[in-house]
Each structure stands twice: as structure tokens, then as C-alpha cells.
Amino acid sequence: MDDVRNELSKQISAFANTGGGTIVYGVGDATSGDRRVVDPNGGVSLSIKGGTKEWLEDIIPQLVDLPLTRFNVYLVTSDGSSSGIMPGKGLILIEIPESENAPHQANDYRYYARVGGKSRPIQHRLVLDIMGRAKHPKMEVTCKVIPKGRYDGAENRQVPILRFYCLNQGRVFANYVNGFIHVPATLASVRGEEDASEETINDIKYVRKYFDNTIQELVGQVERQYGGQFPGSYNEPTFISRFNPVLPSKHCTTSVKLCVPLDKLADHADEKIFWEVYADSAPIERGSIKVAELIEQLAT
């Protein structure tokens, strides 16, 4: 059992340090082409230490230092067909994502990485490279309809808006967030929208709304003069804009005013709203949602 722990410790260290991956137990050597089969024992016993899955979930975090916090253990059992998996046995899949806390040291006091399809010990320089690996914010956009979201002076009523929440789900804060929302022009218009313009993508017209994480702060007032029949002066507030860092689990927002009433949204159910978000040096985050999904949200 100690041999299993030691080997698993090395594999976990390697996958967590470089790229992530899945460790599979219970699969034998390839017998024809690239097809792999269940090992001759019919798989791994599912009752090790009273329950193989539970036992692995208990020991895996402590097999490396720093302890692993993100992983999954899956079981694959027989469905009664000629799968080769015996009763009481199965395949064990251990999913190890690349760790944000890397590097992780195995229990033999070495650090490992995946090199050429194998887990190999790495030198001090590569350990330092992994330790200095860029950490990025991870921005995720969600969208919902606010039925009475904004007062429209031209229509003298409150109109529905699309409210977008750009949430930082990463572990580091985002200094600079910039994004673009693309809403079909059949649903929204640029009238009354700041930082909005029209564009055409694949022959479809969109309203393109820009947003960022800047805020305005009042820094003082400037005296202004005015003439006319009753000359005088007034104090004009002065603002500065600055980027407001988005902390982990916090968000910035933007909204787009709809130009169709709620009861007409169903006519646009197949249309799609999409976006892209740029945060510091993180990869671009892209996403989309169909109007039909927004309608479902309103119904719940």
C-alpha cells in the first residue's frame, strides 16, 4: 500500500504542477491498436479501506505539500455487458487540474512535472518558474432581465434592461477590466446608451456596449461664470476617474436598455447575446446566452 501512495504522490505532484490531467487505475495494456482494456484482475476493488473512493478522497490532499484542494475521484463500474469489469470492482479516475497553489512537493521531498508523457523530477530552476507562474483573475459574466430597470424620458415610463454582472471567480484581484457586450439591434438601440455603438457581425446588426471597472470620484468644485440678463457664478463639481480593482468574489456591472416590451421577448427567443472580457493579462473570457434562457429566468 505504501508503494501505491508513493507513486500516486508523484503523479499528483506532476499533474498539479504542469497542466493537470487524469490518473486512471484498473486499465491494462493495449492489445489491439490504441484500444485499452480492463486489467486482467477485472478492475480495482471498490472496498479498499472500507470504500476505495472515500479512502482516496481522504488521503489525496495530504500526498503532496502544499495540500491539494481541487481534485475529483470518479468510479466506472460494469453495466452488465461484456465490459470486462468484475462485480465489486471498477476503474478509478482521479482528475487533477493544474493547481493555482503550485508547486506541490511529493512525499519523497521532490517536485515533479509532466515531461514527454511521464512524471519526472524537476530541477530547482523549473520549480522557481512554476512558483512564479502568472496568476490571473478569472472573470465570468452573467446576465438577467430587470423588468423595470430604467426610466426613459422619451417614452415617459420605466423600461426593462439587461443587467450584466462581471464576477471575479479567480483568486487574485483584477486591476483593469474591460469588456464588450453585443446585443442584437432588434432588442436594443444606442439611443440613450453611453459607450455604445452599432456594428454588423455576419450580416446581423448589434448594439456594442463597452464597460470597464472605472469609478468617478468628486475631488472639488470649480467656480464658473455665466452671463445673460442676470450674470453670476456657480460651482461646478470636478471628478476624476480611476480603475477600481475587482476583488475575488466581487463584481462590476453594466446594463443595456431594451427597446422591446417583455411580452415581445418570446419573438426573439433564438437570438443570442454574447460578450468578451479582458482582465489584466488573463486570457480573454468569452460567453453567450440565448434570449430563451432569459425568458426562463423571468418565469422562475
# chains A, B, ... in the order shown; residues from 1 in each chain; ligands from 1
$ closest_atom_pairs --of "region 231-266 of chain A" --to "region 138-150 of chain A" --cutoff "12 Å" --atoms "only C-alpha atoms" --output "Markdown table"
| residue | atom | partner | partner_atom | distance |
| --- | --- | --- | --- | --- |
| A:Val246 | CA | A:Met139 | CA | 9.5 |
| A:Leu247 | CA | A:Lys138 | CA | 10.7 |
| A:Pro248 | CA | A:Lys138 | CA | 8.7 |
| A:Ser249 | CA | A:Met139 | CA | 9.7 |
| A:Lys250 | CA | A:Met139 | CA | 9.9 |
| A:His251 | CA | A:Met139 | CA | 8.6 |
| A:Cys252 | CA | A:Val141 | CA | 9.6 |
| A:Thr253 | CA | A:Val141 | CA | 9.2 |
| A:Thr254 | CA | A:Cys143 | CA | 9.8 |
| A:Ser255 | CA | A:Gly149 | CA | 9.1 |
| A:Val256 | CA | A:Arg150 | CA | 9.6 |
| A:Lys257 | CA | A:Arg150 | CA | 7.4 |
| A:Leu258 | CA | A:Val145 | CA | 9.2 |
| A:Cys259 | CA | A:Arg150 | CA | 11.6 |
| A:Val260 | CA | A:Pro147 | CA | 11.2 |
| A:Pro261 | CA | A:Pro147 | CA | 9.0 |
| A:Leu262 | CA | A:Pro147 | CA | 7.2 |
| A:Asp263 | CA | A:Pro147 | CA | 10.6 |
| A:Leu265 | CA | A:Val145 | CA | 10.5 |
$ write_last_selection --atoms "N, CA and C atoms" --output "mmCIF file, in the first residue's frame"
data_model
loop_
_atom_site.group_PDB
_atom_site.id
_atom_site.type_symbol
_atom_site.label_atom_id
_atom_site.label_comp_id
_atom_site.auth_asym_id
_atom_site.auth_seq_id
_atom_site.Cartn_x
_atom_site.Cartn_y
_atom_site.Cartn_z
ATOM 1 N N VAL A 246 -11.288 44.843 -8.933
ATOM 2 C CA VAL A 246 -12.370 43.905 -8.643
ATOM 3 C C VAL A 246 -11.780 42.759 -7.841
ATOM 4 N N LEU A 247 -12.122 42.686 -6.564
ATOM 5 C CA LEU A 247 -11.576 41.666 -5.679
ATOM 6 C C LEU A 247 -12.193 40.298 -5.985
ATOM 7 N N PRO A 248 -11.530 39.218 -5.565
ATOM 8 C CA PRO A 248 -12.134 37.893 -5.732
ATOM 9 C C PRO A 248 -13.516 37.829 -5.108
ATOM 10 N N SER A 249 -14.453 37.226 -5.830
ATOM 11 C CA SER A 249 -15.868 37.067 -5.459
ATOM 12 C C SER A 249 -16.662 38.362 -5.565
ATOM 13 N N LYS A 250 -16.049 39.457 -6.036
ATOM 14 C CA LYS A 250 -16.769 40.713 -6.246
ATOM 15 C C LYS A 250 -16.998 40.910 -7.745
ATOM 16 N N HIS A 251 -17.811 41.909 -8.090
ATOM 17 C CA HIS A 251 -18.156 42.098 -9.492
ATOM 18 C C HIS A 251 -18.285 43.569 -9.847
ATOM 19 N N CYS A 252 -18.230 43.839 -11.134
ATOM 20 C CA CYS A 252 -18.625 45.139 -11.672
ATOM 21 C C CYS A 252 -19.819 44.889 -12.598
ATOM 22 N N THR A 253 -20.584 45.916 -12.867
ATOM 23 C CA THR A 253 -21.827 45.736 -13.615
ATOM 24 C C THR A 253 -21.936 46.732 -14.762
ATOM 25 N N THR A 254 -22.784 46.396 -15.693
ATOM 26 C CA THR A 254 -23.206 47.327 -16.733
ATOM 27 C C THR A 254 -24.602 46.904 -17.171
ATOM 28 N N SER A 255 -25.272 47.739 -17.901
ATOM 29 C CA SER A 255 -26.629 47.409 -18.340
ATOM 30 C C SER A 255 -26.897 47.993 -19.716
ATOM 31 N N VAL A 256 -27.863 47.382 -20.392
ATOM 32 C CA VAL A 256 -28.293 47.826 -21.717
ATOM 33 C C VAL A 256 -29.817 47.916 -21.705
ATOM 34 N N LYS A 257 -30.340 49.044 -22.148
ATOM 35 C CA LYS A 257 -31.783 49.256 -22.166
ATOM 36 C C LYS A 257 -32.413 48.517 -23.347
ATOM 37 N N LEU A 258 -33.485 47.779 -23.066
ATOM 38 C CA LEU A 258 -34.199 47.064 -24.125
ATOM 39 C C LEU A 258 -35.164 48.000 -24.840
ATOM 40 N N CYS A 259 -35.367 47.733 -26.116
ATOM 41 C CA CYS A 259 -36.311 48.536 -26.895
ATOM 42 C C CYS A 259 -37.555 47.738 -27.253
ATOM 43 N N VAL A 260 -37.726 46.560 -26.632
ATOM 44 C CA VAL A 260 -38.936 45.761 -26.843
ATOM 45 C C VAL A 260 -39.558 45.482 -25.483
ATOM 46 N N PRO A 261 -40.898 45.438 -25.395
ATOM 47 C CA PRO A 261 -41.542 45.113 -24.113
ATOM 48 C C PRO A 261 -41.325 43.648 -23.757
ATOM 49 N N LEU A 262 -41.523 43.336 -22.487
ATOM 50 C CA LEU A 262 -41.286 41.981 -22.010
ATOM 51 C C LEU A 262 -42.138 40.948 -22.728
ATOM 52 N N ASP A 263 -43.392 41.309 -23.025
ATOM 53 C CA ASP A 263 -44.281 40.326 -23.650
ATOM 54 C C ASP A 263 -43.919 40.039 -25.106
ATOM 55 N N LEU A 265 -40.549 39.530 -25.903
ATOM 56 C CA LEU A 265 -39.247 38.874 -25.898
ATOM 57 C C LEU A 265 -39.294 37.492 -26.548
#
$ residues_around --residues "region 52-62 of chain A" --least-positions-apart "4" --cutoff "10 Å" --atoms "only C-alpha atoms" --output "number ranges by chain"
A: 5, 8-9, 12, 44-48, 66-75, 89, 92-94, 106-107
$ write_last_selection --atoms "C-alpha atoms" --output "mmCIF file, in the first residue's frame"
data_model
loop_
_atom_site.group_PDB
_atom_site.id
_atom_site.type_symbol
_atom_site.label_atom_id
_atom_site.label_comp_id
_atom_site.auth_asym_id
_atom_site.auth_seq_id
_atom_site.Cartn_x
_atom_site.Cartn_y
_atom_site.Cartn_z
ATOM 1 C CA ARG A 5 0.771 6.044 -2.003
ATOM 2 C CA LEU A 8 0.270 8.392 -6.541
ATOM 3 C CA SER A 9 2.062 11.209 -4.707
ATOM 4 C CA ILE A 12 -0.355 14.153 -8.283
ATOM 5 C CA VAL A 44 -9.722 -2.208 -8.887
ATOM 6 C CA SER A 45 -11.505 -3.344 -5.741
ATOM 7 C CA LEU A 46 -14.084 -0.775 -4.654
ATOM 8 C CA SER A 47 -13.872 -1.764 -0.979
ATOM 9 C CA ILE A 48 -10.281 -0.802 -0.113
ATOM 10 C CA LEU A 66 1.119 22.158 -0.176
ATOM 11 C CA PRO A 67 -2.003 20.010 0.341
ATOM 12 C CA LEU A 68 -4.144 19.654 -2.770
ATOM 13 C CA THR A 69 -7.512 21.421 -2.591
ATOM 14 C CA ARG A 70 -9.018 20.765 -6.039
ATOM 15 C CA PHE A 71 -9.484 17.256 -7.462
ATOM 16 C CA ASN A 72 -12.216 14.720 -8.270
ATOM 17 C CA VAL A 73 -12.420 10.933 -7.901
ATOM 18 C CA TYR A 74 -14.752 9.029 -10.235
ATOM 19 C CA LEU A 75 -15.746 5.355 -10.378
ATOM 20 C CA LYS A 89 -14.559 -3.767 -8.966
ATOM 21 C CA ILE A 92 -10.768 4.639 -10.724
ATOM 22 C CA LEU A 93 -10.335 8.039 -12.381
ATOM 23 C CA ILE A 94 -8.582 10.779 -10.421
ATOM 24 C CA ALA A 106 5.695 14.789 -3.419
ATOM 25 C CA ASN A 107 6.231 12.797 -0.235
#
$ closest_residue --among "A:Tyr278, A:Phe164, A:Tyr176, A:Phe15" --to "Ala113 (chain A)" --atoms "only C-alpha atoms"
A:Phe15
$ residues_around --residues "Val222 (chain A)" --least-positions-apart "6" --cutoff "8 Å" --atoms "only C-alpha atoms" --output "PyMOL selection string"
chain A and resi 235-238
$ write_last_selection --atoms "N, CA and C atoms" --output "PDB file, in the first residue's frame"
ATOM      1  N   ASN A 235     -20.907  76.869  -8.829  1.00  0.00           N
ATOM      2  CA  ASN A 235     -19.839  75.901  -8.570  1.00  0.00           C
ATOM      3  C   ASN A 235     -20.090  74.613  -9.352  1.00  0.00           C
ATOM      4  N   GLU A 236     -19.126  74.256 -10.186  1.00  0.00           N
ATOM      5  CA  GLU A 236     -19.241  73.039 -10.998  1.00  0.00           C
ATOM      6  C   GLU A 236     -18.386  71.937 -10.367  1.00  0.00           C
ATOM      7  N   PRO A 237     -18.993  70.791 -10.047  1.00  0.00           N
ATOM      8  CA  PRO A 237     -18.197  69.713  -9.444  1.00  0.00           C
ATOM      9  C   PRO A 237     -17.158  69.166 -10.419  1.00  0.00           C
ATOM     10  N   THR A 238     -16.019  68.774  -9.890  1.00  0.00           N
ATOM     11  CA  THR A 238     -14.929  68.210 -10.689  1.00  0.00           C
ATOM     12  C   THR A 238     -14.675  66.773 -10.246  1.00  0.00           C
TER      13      THR A 238
END
$ residues_around --residues "Gly287 (chain A)" --least-positions-apart "4" --cutoff "7 Å" --atoms "only C-alpha atoms" --output "number ranges by chain"
A: 274-276
$ residues_around --residues "Val277 (chain A)" --least-positions-apart "2" --cutoff "6 Å" --atoms "only C-alpha atoms" --output "NGL selection string"
:A and (178-179 or 284-285)
$ closest_residue --among "A:Arg242, A:His182, A:Arg224, A:Arg171" --to "Val207 (chain A)" --atoms "only C-alpha atoms"
A:His182
$ select_by_dssp --residues "region 50-225 of chain A" --states "alpha helix (DSSP H)" --output "PyMOL selection string"
chain A and resi 52-59+124-131
$ atom_distance --atom1 "CA of Thr22 (chain A)" --atom2 "CA of Val172 (chain A)"
26.2 Å
$ residues_around --residues "Thr186 (chain A)" --least-positions-apart "3" --cutoff "9 Å" --atoms "only C-alpha atoms" --output "ChimeraX atom specification"
/A:183,189,205-206,259-260,268
$ atom_distance --atom1 "CA of Leu63 (chain A)" --atom2 "CA of Pro121 (chain A)"
15.8 Å
